[in-house]
>>> print(open('entry.cif').read())   # mmCIF, C-alpha atoms and all ligand atoms
data_my_file
loop_
_atom_site.label_atom_id
_atom_site.label_comp_id
_atom_site.auth_asym_id
_atom_site.auth_seq_id
_atom_site.Cartn_x
_atom_site.Cartn_y
_atom_site.Cartn_z
CA MET A 1 9.29 4.31 -55.16
CA THR A 2 8.94 6.76 -52.31
CA LEU A 3 9.39 10.54 -52.19
CA SER A 4 9.48 10.64 -48.42
CA HIS A 5 13.19 11.21 -47.83
CA GLY A 6 13.79 14.75 -46.66
CA ARG A 7 12.52 16.55 -43.58
CA PRO A 8 9.51 14.66 -42.23
CA TYR A 9 6.45 16.66 -41.24
CA LEU A 10 4.31 15.49 -38.32
CA ALA A 11 1.02 17.24 -39.20
CA ILE A 12 -0.93 15.87 -36.25
CA PRO A 13 -2.56 17.92 -33.49
CA GLY A 14 0.25 17.52 -31.01
CA PRO A 15 3.02 17.04 -30.40
CA SER A 16 3.40 19.89 -32.85
CA VAL A 17 6.41 21.00 -34.87
CA ILE A 18 9.21 22.13 -32.55
CA PRO A 19 11.09 25.17 -33.88
CA ASP A 20 14.82 24.54 -34.35
CA ARG A 21 15.43 27.53 -32.08
CA VAL A 22 13.49 25.83 -29.27
CA LEU A 23 15.48 22.63 -29.76
CA ALA A 24 18.72 24.62 -29.79
CA ALA A 25 17.76 26.45 -26.60
CA MET A 26 17.29 23.08 -24.91
CA HIS A 27 20.61 21.73 -26.13
CA ARG A 28 22.82 22.68 -23.19
CA PRO A 29 24.41 21.22 -20.07
CA SER A 30 22.26 20.89 -16.98
CA PRO A 31 22.01 24.26 -15.26
CA ASN A 32 22.36 25.00 -11.56
CA ILE A 33 18.91 24.55 -10.04
CA TYR A 34 19.72 26.37 -6.80
CA GLU A 35 20.56 29.82 -8.14
CA GLY A 36 21.55 31.70 -11.26
CA PRO A 37 20.08 32.14 -14.76
CA LEU A 38 17.39 29.46 -14.43
CA HIS A 39 15.87 31.31 -11.48
CA ASP A 40 15.86 34.68 -13.22
CA MET A 41 14.40 33.14 -16.35
CA THR A 42 11.55 31.43 -14.49
CA ALA A 43 10.15 34.77 -13.34
CA THR A 44 9.99 35.95 -16.96
CA ILE A 45 8.27 32.72 -18.00
CA LEU A 46 5.58 33.12 -15.34
CA ALA A 47 4.96 36.68 -16.52
CA ASP A 48 4.75 35.59 -20.15
CA LEU A 49 2.42 32.70 -19.35
CA ARG A 50 0.02 35.34 -18.02
CA ARG A 51 0.41 37.31 -21.25
CA VAL A 52 -0.34 34.30 -23.44
CA ALA A 53 -3.58 33.65 -21.49
CA CYS A 54 -4.48 37.37 -21.33
CA THR A 55 -4.77 37.28 -17.56
CA ALA A 56 -3.47 39.05 -14.48
CA GLY A 57 -4.33 35.90 -12.48
CA HIS A 58 -2.13 33.12 -11.15
CA VAL A 59 -0.36 30.26 -12.90
CA ALA A 60 1.07 26.92 -11.76
CA ILE A 61 3.49 24.85 -13.86
CA TYR A 62 3.58 21.04 -13.58
CA ILE A 63 5.90 18.43 -15.05
CA THR A 64 3.14 16.55 -16.86
CA ASN A 65 1.07 16.29 -20.03
CA GLY A 66 -2.49 17.44 -20.70
CA HIS A 67 -4.05 14.62 -18.70
CA GLY A 68 -1.98 15.70 -15.72
CA ALA A 69 -3.07 19.31 -16.22
CA TRP A 70 -6.70 18.11 -16.06
CA GLU A 71 -5.95 16.31 -12.82
CA ALA A 72 -4.25 19.39 -11.43
CA ALA A 73 -7.33 21.49 -12.20
CA ASN A 74 -9.76 18.82 -10.97
CA THR A 75 -8.05 18.26 -7.62
CA ASN A 76 -7.79 21.97 -6.87
CA LEU A 77 -11.34 22.75 -7.95
CA PHE A 78 -13.36 20.01 -6.32
CA SER A 79 -14.16 18.19 -3.12
CA ARG A 80 -15.52 14.64 -3.09
CA GLY A 81 -19.23 14.70 -3.80
CA ASP A 82 -19.15 18.09 -5.54
CA ARG A 83 -20.84 18.22 -8.88
CA ALA A 84 -19.28 19.23 -12.24
CA LEU A 85 -21.25 20.20 -15.33
CA VAL A 86 -19.15 19.02 -18.28
CA LEU A 87 -19.93 20.37 -21.76
CA VAL A 88 -19.00 17.76 -24.34
CA THR A 89 -18.37 18.49 -28.03
CA GLY A 90 -16.03 15.60 -28.75
CA LEU A 91 -13.83 12.92 -27.21
CA PHE A 92 -11.65 15.29 -25.19
CA GLY A 93 -14.68 16.64 -23.35
CA THR A 94 -15.68 13.07 -22.52
CA SER A 95 -12.16 12.28 -21.34
CA TRP A 96 -12.10 15.30 -19.01
CA ALA A 97 -15.49 14.20 -17.64
CA ASN A 98 -14.08 10.72 -16.98
CA SER A 99 -10.96 12.04 -15.30
CA VAL A 100 -12.97 14.15 -12.86
CA GLN A 101 -15.57 11.44 -12.24
CA ARG A 102 -12.90 8.91 -11.27
CA LEU A 103 -11.80 11.25 -8.50
CA GLY A 104 -15.21 10.99 -6.84
CA VAL A 105 -16.81 14.10 -8.31
CA GLU A 106 -20.41 13.75 -9.47
CA VAL A 107 -20.53 14.50 -13.17
CA GLU A 108 -23.41 15.82 -15.22
CA VAL A 109 -22.63 15.72 -18.92
CA LEU A 110 -24.29 17.95 -21.51
CA ASP A 111 -23.47 16.31 -24.82
CA PHE A 112 -23.80 18.52 -27.89
CA GLY A 113 -22.61 15.93 -30.40
CA LYS A 114 -19.47 16.26 -32.51
CA ARG A 115 -20.35 18.80 -35.14
CA VAL A 116 -21.61 21.93 -33.40
CA ARG A 117 -20.57 24.06 -30.45
CA ALA A 118 -22.15 23.96 -27.00
CA ASP A 119 -25.55 25.63 -26.93
CA ALA A 120 -25.98 28.46 -24.40
CA GLY A 121 -29.68 27.80 -23.86
CA ARG A 122 -29.13 24.24 -22.68
CA ILE A 123 -26.35 25.35 -20.33
CA THR A 124 -28.52 27.99 -18.69
CA GLU A 125 -31.34 25.46 -18.38
CA ALA A 126 -29.10 22.87 -16.70
CA LEU A 127 -27.81 25.43 -14.23
CA ARG A 128 -31.30 26.74 -13.42
CA ALA A 129 -32.33 23.16 -12.66
CA ASP A 130 -29.56 22.97 -10.03
CA LYS A 131 -31.71 24.52 -7.32
CA GLU A 132 -29.42 23.47 -4.48
CA GLY A 133 -26.38 25.03 -6.15
CA ARG A 134 -24.42 21.77 -6.16
CA ILE A 135 -22.59 22.45 -9.40
CA LYS A 136 -19.21 23.82 -8.41
CA ALA A 137 -17.82 24.33 -11.89
CA VAL A 138 -18.63 24.12 -15.58
CA LEU A 139 -15.89 22.38 -17.60
CA LEU A 140 -15.52 23.40 -21.23
CA THR A 141 -13.04 22.44 -23.95
CA GLN A 142 -12.36 25.46 -26.15
CA THR A 143 -11.30 23.42 -29.18
CA ASP A 144 -12.07 19.74 -28.93
CA THR A 145 -9.08 18.26 -30.74
CA ALA A 146 -11.03 15.14 -31.72
CA SER A 147 -14.08 16.70 -33.40
CA THR A 148 -12.27 20.02 -34.02
CA VAL A 149 -15.36 21.89 -32.82
CA ARG A 150 -14.47 25.24 -31.23
CA ASN A 151 -16.70 26.56 -28.48
CA ASP A 152 -17.56 30.17 -27.73
CA VAL A 153 -16.08 30.68 -24.27
CA ALA A 154 -17.58 34.14 -23.67
CA GLU A 155 -21.01 32.83 -24.62
CA VAL A 156 -20.72 30.00 -22.08
CA ARG A 157 -19.78 32.53 -19.38
CA ALA A 158 -22.85 34.57 -20.32
CA ALA A 159 -25.01 31.44 -20.12
CA ILE A 160 -23.76 30.75 -16.57
CA ASP A 161 -24.37 34.35 -15.55
CA SER A 162 -27.83 34.48 -17.05
CA ALA A 163 -28.79 31.46 -14.95
CA GLY A 164 -27.68 33.49 -11.92
CA HIS A 165 -25.53 30.48 -10.93
CA PRO A 166 -22.26 30.86 -8.98
CA ALA A 167 -20.46 28.01 -10.83
CA LEU A 168 -16.85 28.60 -11.79
CA LEU A 169 -15.88 28.28 -15.45
CA ALA A 170 -12.89 26.05 -16.23
CA VAL A 171 -11.62 25.82 -19.81
CA ASP A 172 -9.30 23.33 -21.53
CA CYS A 173 -7.21 25.35 -24.01
CA ILE A 174 -4.67 22.59 -24.61
CA ALA A 175 -5.34 22.56 -28.37
CA SER A 176 -6.03 26.25 -28.80
CA LEU A 177 -3.72 28.35 -26.63
CA GLY A 178 -1.53 30.52 -28.84
CA CYS A 179 -3.60 29.55 -31.89
CA ASP A 180 -7.17 30.76 -31.31
CA PRO A 181 -8.11 33.94 -29.45
CA PHE A 182 -8.49 33.37 -25.72
CA ARG A 183 -8.89 36.17 -23.17
CA MET A 184 -9.10 34.69 -19.72
CA ASP A 185 -9.94 37.85 -17.77
CA ASP A 186 -12.18 39.56 -20.34
CA TRP A 187 -14.18 36.36 -20.77
CA GLY A 188 -14.60 35.68 -17.07
CA VAL A 189 -12.75 32.36 -17.07
CA ASP A 190 -11.80 31.15 -13.57
CA VAL A 191 -9.50 28.24 -14.42
CA MET A 192 -7.69 27.34 -17.63
CA VAL A 193 -5.46 24.39 -18.50
CA ALA A 194 -2.89 24.00 -21.26
CA ALA A 195 0.21 21.96 -22.06
CA SER A 196 3.53 22.61 -23.74
CA GLN A 197 3.34 20.43 -26.85
CA LYS A 198 0.72 22.12 -29.00
CA GLY A 199 0.46 25.86 -29.71
CA LEU A 200 3.37 26.52 -27.35
CA MET A 201 5.76 24.53 -29.59
CA VAL A 202 7.74 22.78 -26.83
CA PRO A 203 8.06 18.98 -26.36
CA PRO A 204 5.42 17.28 -24.21
CA GLY A 205 6.25 17.50 -20.52
CA LEU A 206 4.83 20.73 -19.12
CA GLY A 207 1.24 21.25 -18.00
CA PHE A 208 -0.14 24.61 -16.87
CA VAL A 209 -3.09 25.71 -14.79
CA TRP A 210 -4.09 29.36 -14.61
CA PHE A 211 -6.58 30.42 -11.93
CA SER A 212 -8.32 33.57 -10.81
CA ASP A 213 -8.54 35.10 -7.33
CA LYS A 214 -12.13 33.94 -7.27
CA ALA A 215 -11.14 30.33 -7.99
CA LEU A 216 -8.45 30.55 -5.32
CA ARG A 217 -11.03 31.73 -2.78
CA VAL A 218 -13.89 29.40 -3.72
CA CYS A 219 -11.64 26.34 -3.90
CA LYS A 220 -9.66 27.04 -0.74
CA GLY A 221 -10.85 23.97 1.17
CA ALA A 222 -11.16 21.53 -1.76
CA ASP A 223 -10.55 18.10 -0.24
CA LEU A 224 -9.22 16.47 -3.42
CA ARG A 225 -6.05 18.55 -3.03
CA THR A 226 -2.86 16.54 -2.86
CA PRO A 227 0.65 17.80 -2.14
CA TYR A 228 1.88 17.38 -5.70
CA TRP A 229 -1.03 19.01 -7.52
CA ASP A 230 -1.84 21.78 -5.01
CA TRP A 231 -1.70 24.96 -7.04
CA GLU A 232 -1.11 27.34 -4.15
CA ALA A 233 2.40 26.29 -3.19
CA ARG A 234 3.45 26.53 -6.82
CA ALA A 235 1.83 29.80 -7.74
CA PHE A 236 2.96 31.48 -4.51
CA ALA A 237 6.31 29.72 -4.09
CA GLN A 238 8.56 31.01 -1.33
CA GLU A 239 11.45 28.78 -2.37
CA TYR A 240 12.42 28.07 -5.96
CA TRP A 241 11.86 24.30 -5.71
CA GLN A 242 8.24 24.88 -4.71
CA TYR A 243 7.39 26.14 -8.21
CA PHE A 244 7.83 22.57 -9.43
CA CYS A 245 7.34 20.57 -6.22
CA GLY A 246 10.89 19.30 -6.64
CA THR A 247 13.45 19.43 -9.43
CA ALA A 248 12.67 22.01 -12.09
CA PRO A 249 11.99 20.84 -15.68
CA THR A 250 15.25 22.54 -16.60
CA HIS A 251 15.48 22.00 -20.34
CA HIS A 252 11.78 22.40 -21.01
CA LEU A 253 11.99 25.80 -19.32
CA PHE A 254 14.76 26.91 -21.69
CA GLY A 255 12.66 25.71 -24.61
CA LEU A 256 9.57 27.46 -23.32
CA ARG A 257 11.48 30.72 -22.78
CA GLU A 258 12.46 30.65 -26.45
CA SER A 259 8.98 29.76 -27.73
CA LEU A 260 7.29 32.46 -25.64
CA THR A 261 9.73 35.03 -27.03
CA MET A 262 8.93 33.90 -30.56
CA LEU A 263 5.18 33.94 -29.94
CA LEU A 264 4.76 37.07 -27.83
CA ASP A 265 7.66 39.36 -28.65
CA GLU A 266 8.60 38.52 -32.22
CA GLU A 267 5.39 37.49 -33.96
CA GLY A 268 2.88 38.89 -31.46
CA LEU A 269 -0.12 37.02 -30.10
CA SER A 270 -2.76 38.66 -32.32
CA GLN A 271 -0.65 38.08 -35.41
CA ALA A 272 -0.24 34.41 -34.39
CA TRP A 273 -4.03 34.13 -34.05
CA ALA A 274 -4.47 35.75 -37.49
CA ARG A 275 -1.93 33.34 -39.01
CA HIS A 276 -3.76 30.34 -37.58
CA GLU A 277 -7.07 31.69 -38.84
CA ARG A 278 -5.75 32.17 -42.36
CA LEU A 279 -4.03 28.79 -42.49
CA ALA A 280 -7.19 27.10 -41.21
CA GLN A 281 -9.18 28.82 -43.95
CA THR A 282 -6.61 27.54 -46.44
CA VAL A 283 -7.27 23.96 -45.32
CA TRP A 284 -11.03 24.44 -45.34
CA ALA A 285 -10.96 25.87 -48.89
CA ALA A 286 -9.15 22.77 -50.16
CA VAL A 287 -11.50 20.36 -48.41
CA ASP A 288 -14.55 22.22 -49.70
CA ALA A 289 -13.18 21.92 -53.26
CA TRP A 290 -12.45 18.20 -52.88
CA GLY A 291 -15.97 17.72 -51.56
CA GLN A 292 -17.52 19.16 -54.72
CA SER A 293 -17.44 15.66 -56.17
CA GLY A 294 -16.58 12.88 -53.82
CA ASP A 295 -17.44 11.74 -50.30
CA ILE A 296 -15.24 14.35 -48.64
CA ALA A 297 -16.36 16.92 -46.07
CA LEU A 298 -15.26 18.93 -43.07
CA ASN A 299 -16.53 17.57 -39.79
CA VAL A 300 -17.79 20.91 -38.52
CA GLU A 301 -20.19 22.64 -40.85
CA ARG A 302 -20.16 26.23 -39.58
CA PRO A 303 -16.82 28.04 -40.01
CA THR A 304 -17.36 30.01 -36.78
CA GLU A 305 -17.48 26.72 -34.87
CA ARG A 306 -14.24 25.32 -36.27
CA GLY A 307 -10.94 25.48 -34.39
CA TRP A 308 -8.02 27.22 -36.08
CA SER A 309 -5.35 24.74 -34.99
CA VAL A 310 -6.70 21.40 -36.25
CA THR A 311 -9.22 20.18 -38.82
CA SER A 312 -11.12 16.89 -38.82
CA LEU A 313 -12.46 15.72 -42.16
CA ARG A 314 -14.20 12.80 -43.69
CA VAL A 315 -12.90 10.95 -46.74
CA GLY A 316 -15.44 8.16 -47.13
CA GLY A 317 -15.01 4.58 -48.29
CA GLY A 318 -11.95 4.14 -46.11
CA GLY A 319 -10.16 6.85 -48.10
CA ALA A 320 -8.92 8.72 -45.02
CA GLY A 321 -7.06 5.70 -43.67
CA GLN A 322 -5.52 4.96 -47.07
CA LEU A 323 -4.48 8.59 -47.44
CA ARG A 324 -2.80 8.68 -44.03
CA ARG A 325 -0.72 5.67 -44.99
CA TRP A 326 0.11 6.97 -48.44
CA CYS A 327 1.08 10.45 -47.26
CA GLU A 328 3.45 9.06 -44.65
CA GLU A 329 5.05 6.35 -46.78
CA LYS A 330 5.26 8.21 -50.06
CA ALA A 331 5.57 11.86 -49.09
CA GLY A 332 6.91 12.17 -45.54
CA VAL A 333 3.76 13.77 -44.08
CA THR A 334 2.07 12.16 -41.07
CA LEU A 335 -1.60 13.08 -40.71
CA GLY A 336 -3.69 12.66 -37.56
CA ILE A 337 -5.74 9.58 -36.77
CA PRO A 338 -9.46 9.97 -36.13
CA LEU A 339 -10.47 10.27 -32.48
CA GLY A 340 -13.97 9.71 -31.27
CA MET A 341 -15.57 9.65 -34.71
CA ALA A 342 -15.29 5.84 -34.86
CA GLU A 343 -13.47 3.17 -32.89
CA PRO A 344 -10.35 1.42 -34.24
CA GLY A 345 -11.58 -1.74 -35.95
CA GLU A 346 -14.89 -0.22 -37.04
CA ALA A 347 -15.18 0.34 -40.79
CA ALA A 348 -15.89 4.05 -40.30
CA TYR A 349 -12.51 4.45 -38.58
CA GLY A 350 -10.94 4.63 -42.04
CA ASP A 351 -13.27 7.46 -43.05
CA TYR A 352 -11.80 10.27 -40.93
CA LEU A 353 -8.48 11.98 -40.49
CA ARG A 354 -7.24 15.16 -38.87
CA ILE A 355 -4.78 17.74 -40.11
CA GLY A 356 -2.83 19.56 -37.40
CA HIS A 357 -1.97 23.18 -38.23
CA MET A 358 -0.96 24.42 -34.81
CA GLY A 359 2.07 26.31 -33.62
CA HIS A 360 5.18 26.57 -35.77
CA VAL A 361 3.40 26.19 -39.10
CA ASN A 362 3.42 28.51 -42.09
CA ALA A 363 1.87 28.79 -45.54
CA HIS A 364 4.36 26.58 -47.36
CA MET A 365 3.87 23.78 -44.86
CA VAL A 366 0.08 23.88 -45.11
CA LEU A 367 0.13 24.16 -48.92
CA GLY A 368 2.60 21.27 -48.95
CA VAL A 369 0.30 19.06 -46.89
CA LEU A 370 -2.68 19.91 -49.08
CA GLY A 371 -0.69 19.27 -52.27
CA VAL A 372 0.43 15.90 -50.88
CA ILE A 373 -3.15 14.92 -49.99
CA GLU A 374 -4.19 15.90 -53.50
CA ALA A 375 -1.45 13.67 -54.93
CA GLY A 376 -2.51 10.84 -52.64
CA MET A 377 -6.09 11.07 -53.88
CA GLN A 378 -4.87 10.83 -57.45
CA ALA A 379 -2.57 7.90 -56.70
CA LEU A 380 -5.23 6.01 -54.76
CA GLY A 381 -8.06 6.76 -57.18
CA ILE A 382 -10.15 8.54 -54.55
CA ALA A 383 -12.90 10.55 -56.22
CA HIS A 384 -12.50 14.26 -55.45
CA GLY A 385 -13.40 17.68 -56.78
CA LYS A 386 -10.78 19.55 -58.79
CA GLY A 387 -9.11 22.84 -57.95
CA ALA A 388 -8.40 22.29 -54.25
CA VAL A 389 -4.80 23.46 -54.38
CA ASP A 390 -5.84 26.48 -56.47
CA ALA A 391 -8.51 27.32 -53.91
CA ALA A 392 -6.00 26.99 -51.07
CA ALA A 393 -3.45 29.14 -52.89
CA ALA A 394 -6.09 31.84 -53.37
CA VAL A 395 -6.64 32.02 -49.62
CA VAL A 396 -2.92 32.34 -49.01
CA ALA A 397 -2.62 34.92 -51.80
CA GLY A 398 -5.27 37.05 -50.16
CA ALA A 399 -3.32 37.32 -46.89
C1 LIG B 401 -3.96 17.05 -26.45
C2 LIG B 401 -5.16 17.40 -25.64
C3 LIG B 401 -5.40 16.84 -24.37
C4 LIG B 401 -4.55 15.76 -23.79
O1 LIG B 401 -3.22 16.11 -23.69
P1 LIG B 401 -2.14 14.94 -23.40
O2 LIG B 401 -0.86 15.71 -23.34
O3 LIG B 401 -2.22 14.01 -24.55
O4 LIG B 401 -2.50 14.32 -22.12
C5 LIG B 401 -6.50 17.27 -23.68
N1 LIG B 401 -7.34 18.20 -24.18
C6 LIG B 401 -7.16 18.73 -25.39
C7 LIG B 401 -8.13 19.75 -25.90
C8 LIG B 401 -6.05 18.36 -26.16
O5 LIG B 401 -5.88 18.89 -27.38
#
>>> encode(input="entry.cif", output="structure tokens")
Amino acid sequence: MTLSHGRPYLAIPGPSVIPDRVLAAMHRPSPNIYEGPLHDMTATILADLRRVACTAGHVAIYITNGHGAWEAANTNLFSRGDRALVLVTGLFGTSWANSVQRLGVEVEVLDFGKRVRADAGRITEALRADKEGRIKAVLLTQTDTASTVRNDVAEVRAAIDSAGHPALLAVDCIASLGCDPFRMDDWGVDVMVAASQKGLMVPPGLGFVWFSDKALRVCKGADLRTPYWDWEARAFAQEYWQYFCGTAPTHHLFGLRESLTMLLDEEGLSQAWARHERLAQTVWAAVDAWGQSGDIALNVERPTERGWSVTSLRVGGGGAGQLRRWCEEKAGVTLGIPLGMAEPGEAAYGDYLRIGHMGHVNAHMVLGVLGVIEAGMQALGIAHGKGAVDAAAAVVAGA
């Protein structure tokens, strides 16, 4: 017997839930790409992309996913032989390091493990040791979607400044934009990357790179630049086609227009941040209760170091893997696989799962997921503390 028939819920950290309104906005005939509404709308999207990043800087849109957005940032930032200091707090930090290294950039990794945020002291120390000033940029992932550690971006900027080092700061906000507070200009961020399919609630297919005047100046002669990724032509397009280096991502743009209206004009960015914070706390309260008796725990110990859009947790004895299967087959909820905590095939792979709570997600959806996990634990005989759904409801009730 299965109770999964009904609207399925993909509760993984991207692609996230797409609002029906975004889908409806995309459901239209192909528009004229040479003039007309698409052109007028693109200007409003560029303005709103600045609002969502809290910046007066520049933005380039690419037809790509997050990996492509990394490559866009990498190729504009660096020349061959430059050095990057990559701060790693999970698998996505490692992946960004690999993507820049493969381009011929020298990479120095500072690995902080998978349970705590990057430490300012070590960053300052590494930059002070760079006497020749070879480090061109520090690469930071705000929320590492694998470990679900959230870094303190302003603190990293302060660590760079206190070393008296000129390195640029580039931040991956793919998992956190629109979910966790991010203030590009106030925090002194030079480059930021994001993609459409997470907090922005649009299907995968758009990657974004924001950059400051300083980044534009410092990176002017970067020799990894290629025609497709070059951010200047896009951000300062003279002709409409230059925004996208070819055909515009027509339908994605209509979807994005709708989602930005929902996020910025209807809900409001600070309210969206507050919603994500409260829903994250709801998840954490349930996991803490389950962990009272049973091998169940949040991956990141300190609440201030946890992302608000996704939560990684341990359910030992292979319980996490069994739960993922049960929740999908019996209840129509798909939970996230572990990333970077163990390799597929290793026994520990079955001990971790992730719950995505990013974007178009509200209290009933999160309480539903937690109630389903609770049911799965009962059905599978996984030892767990009682009162998790009560504890989650109390957090929602206090909103
Ligand atoms: C999802 C994600 C990526 C990769 O995005 P893809 O679209 O899968 O290429 C990179 N960094 C972070 C932080 C992410 O959450």
>>> residues_near_ligand(input="entry.cif", ligand="ligand LIG 401 (chain B)", cutoff="8 Å", atoms="all atoms listed in the file", output="JSON list (two decimals) with C-alpha atoms, in the frame of the given file")
[["chain", "number", "residue", "atom", "x", "y", "z"],
["A", 13, "PRO", "CA", -2.56, 17.92, -33.49],
["A", 14, "GLY", "CA", 0.25, 17.52, -31.01],
["A", 64, "THR", "CA", 3.14, 16.55, -16.86],
["A", 65, "ASN", "CA", 1.07, 16.29, -20.03],
["A", 66, "GLY", "CA", -2.49, 17.44, -20.70],
["A", 67, "HIS", "CA", -4.05, 14.62, -18.70],
["A", 68, "GLY", "CA", -1.98, 15.70, -15.72],
["A", 69, "ALA", "CA", -3.07, 19.31, -16.22],
["A", 70, "TRP", "CA", -6.70, 18.11, -16.06],
["A", 92, "PHE", "CA", -11.65, 15.29, -25.19],
["A", 93, "GLY", "CA", -14.68, 16.64, -23.35],
["A", 95, "SER", "CA", -12.16, 12.28, -21.34],
["A", 96, "TRP", "CA", -12.10, 15.30, -19.01],
["A", 141, "THR", "CA", -13.04, 22.44, -23.95],
["A", 142, "GLN", "CA", -12.36, 25.46, -26.15],
["A", 143, "THR", "CA", -11.30, 23.42, -29.18],
["A", 144, "ASP", "CA", -12.07, 19.74, -28.93],
["A", 145, "THR", "CA", -9.08, 18.26, -30.74],
["A", 146, "ALA", "CA", -11.03, 15.14, -31.72],
["A", 172, "ASP", "CA", -9.30, 23.33, -21.53],
["A", 173, "CYS", "CA", -7.21, 25.35, -24.01],
["A", 174, "ILE", "CA", -4.67, 22.59, -24.61],
["A", 175, "ALA", "CA", -5.34, 22.56, -28.37],
["A", 176, "SER", "CA", -6.03, 26.25, -28.80],
["A", 194, "ALA", "CA", -2.89, 24.00, -21.26],
["A", 195, "ALA", "CA", 0.21, 21.96, -22.06],
["A", 197, "GLN", "CA", 3.34, 20.43, -26.85],
["A", 198, "LYS", "CA", 0.72, 22.12, -29.00],
["A", 204, "PRO", "CA", 5.42, 17.28, -24.21],
["A", 205, "GLY", "CA", 6.25, 17.50, -20.52],
["A", 207, "GLY", "CA", 1.24, 21.25, -18.00]]
>>> residues_near_point(input="entry.cif", point="(14.6, 26.2, -35.0)", cutoff="12 Å", atoms="all atoms listed in the file", output="ChimeraX atom specification")
/A:17-27,201-202,255,258-259,262,360-361
>>> closest_residue(input="entry.cif", among="A:Val287, A:Ala393, A:Leu313, A:Ala53", to="A:Val171", atoms="only C-alpha atoms")
A:Ala53
>>> closest_residue(input="entry.cif", among="A:Arg102, A:Ser79, A:Leu10, A:Gly294", to="A:Cys327", atoms="all atoms listed in the file")
A:Leu10
>>> closest_residue(input="entry.cif", among="A:Cys54, A:Val193, A:Arg28, A:Ala222", to="A:Asp82", atoms="only C-alpha atoms")
A:Ala222
>>> closest_residue(input="entry.cif", among="A:Glu343, A:Asp390, A:Asp351, A:Asp265", to="A:Ala297", atoms="all atoms listed in the file")
A:Asp351
>>> atom_distance(input="entry.cif", atom1="atom CA of A:Asp213", atom2="atom CA of A:Ala97")
24.3 Å
>>> closest_residue(input="entry.cif", among="A:Arg257, A:Lys136, A:Lys131, A:Arg183", to="A:Cys219", atoms="all atoms listed in the file")
A:Lys136
>>> atom_distance(input="entry.cif", atom1="atom CA of A:Arg51", atom2="atom CA of A:Val156")
22.4 Å
>>> residues_around(input="entry.cif", residues="A:Leu127", least_positions_apart="3", cutoff="10 Å", atoms="all atoms listed in the file", output="list in words")
Leu85, Arg122, Ile123, Thr124, Asp130, Lys131, Gly133, Arg134, Ile135, Val138, Ala159, Ile160, Asp161, Ser162, Ala163, Gly164, His165, Pro166 and Ala167 of chain A
>>> residues_around(input="entry.cif", residues="A:Lys214", least_positions_apart="3", cutoff="8 Å", atoms="all atoms listed in the file", output="JSON, numbers by chain")
{"A": [190, 217, 218]}
>>> atom_distance(input="entry.cif", atom1="atom CA of A:Asn74", atom2="atom CA of A:Val107")
11.8 Å
>>> closest_residue(input="entry.cif", among="A:Leu200, A:His357, A:Thr304, A:Glu329", to="A:Leu263", atoms="only C-alpha atoms")
A:Leu200
>>> residues_near_point(input="entry.cif", point="(15.3, 32.4, -19.1)", cutoff="10 Å", atoms="all atoms listed in the file", output="number ranges by chain")
A: 25, 37-45, 253-258
>>> write_last_selection(input="entry.cif", atoms="C-alpha atoms", output="JSON list (two decimals), keeping the file's coordinate frame")
[["chain", "number", "residue", "atom", "x", "y", "z"],
["A", 25, "ALA", "CA", 17.76, 26.45, -26.60],
["A", 37, "PRO", "CA", 20.08, 32.14, -14.76],
["A", 38, "LEU", "CA", 17.39, 29.46, -14.43],
["A", 39, "HIS", "CA", 15.87, 31.31, -11.48],
["A", 40, "ASP", "CA", 15.86, 34.68, -13.22],
["A", 41, "MET", "CA", 14.40, 33.14, -16.35],
["A", 42, "THR", "CA", 11.55, 31.43, -14.49],
["A", 43, "ALA", "CA", 10.15, 34.77, -13.34],
["A", 44, "THR", "CA", 9.99, 35.95, -16.96],
["A", 45, "ILE", "CA", 8.27, 32.72, -18.00],
["A", 253, "LEU", "CA", 11.99, 25.80, -19.32],
["A", 254, "PHE", "CA", 14.76, 26.91, -21.69],
["A", 255, "GLY", "CA", 12.66, 25.71, -24.61],
["A", 256, "LEU", "CA", 9.57, 27.46, -23.32],
["A", 257, "ARG", "CA", 11.48, 30.72, -22.78],
["A", 258, "GLU", "CA", 12.46, 30.65, -26.45]]
>>> residues_around(input="entry.cif", residues="A:Ala379", least_positions_apart="2", cutoff="12 Å", atoms="all atoms listed in the file", output="compact mmCIF listing (two decimals) with C-alpha atoms, keeping the file's coordinate frame")
# COMPACT_ATOMS: atom_id res chain seq x y z
CA GLY A 319 -10.16 6.85 -48.10
CA GLN A 322 -5.52 4.96 -47.07
CA LEU A 323 -4.48 8.59 -47.44
CA TRP A 326 0.11 6.97 -48.44
CA CYS A 327 1.08 10.45 -47.26
CA LYS A 330 5.26 8.21 -50.06
CA ALA A 331 5.57 11.86 -49.09
CA VAL A 372 0.43 15.90 -50.88
CA ILE A 373 -3.15 14.92 -49.99
CA GLU A 374 -4.19 15.90 -53.50
CA ALA A 375 -1.45 13.67 -54.93
CA GLY A 376 -2.51 10.84 -52.64
CA MET A 377 -6.09 11.07 -53.88
CA GLY A 381 -8.06 6.76 -57.18
CA ILE A 382 -10.15 8.54 -54.55
CA ALA A 383 -12.90 10.55 -56.22
CA HIS A 384 -12.50 14.26 -55.45
>>> residues_around(input="entry.cif", residues="stretch 270-275 of chain A", least_positions_apart="5", cutoff="9 Å", atoms="only C-alpha atoms", output="PyMOL selection string")
chain A and resi 178-181+263-264+280+308+359+361-363+399
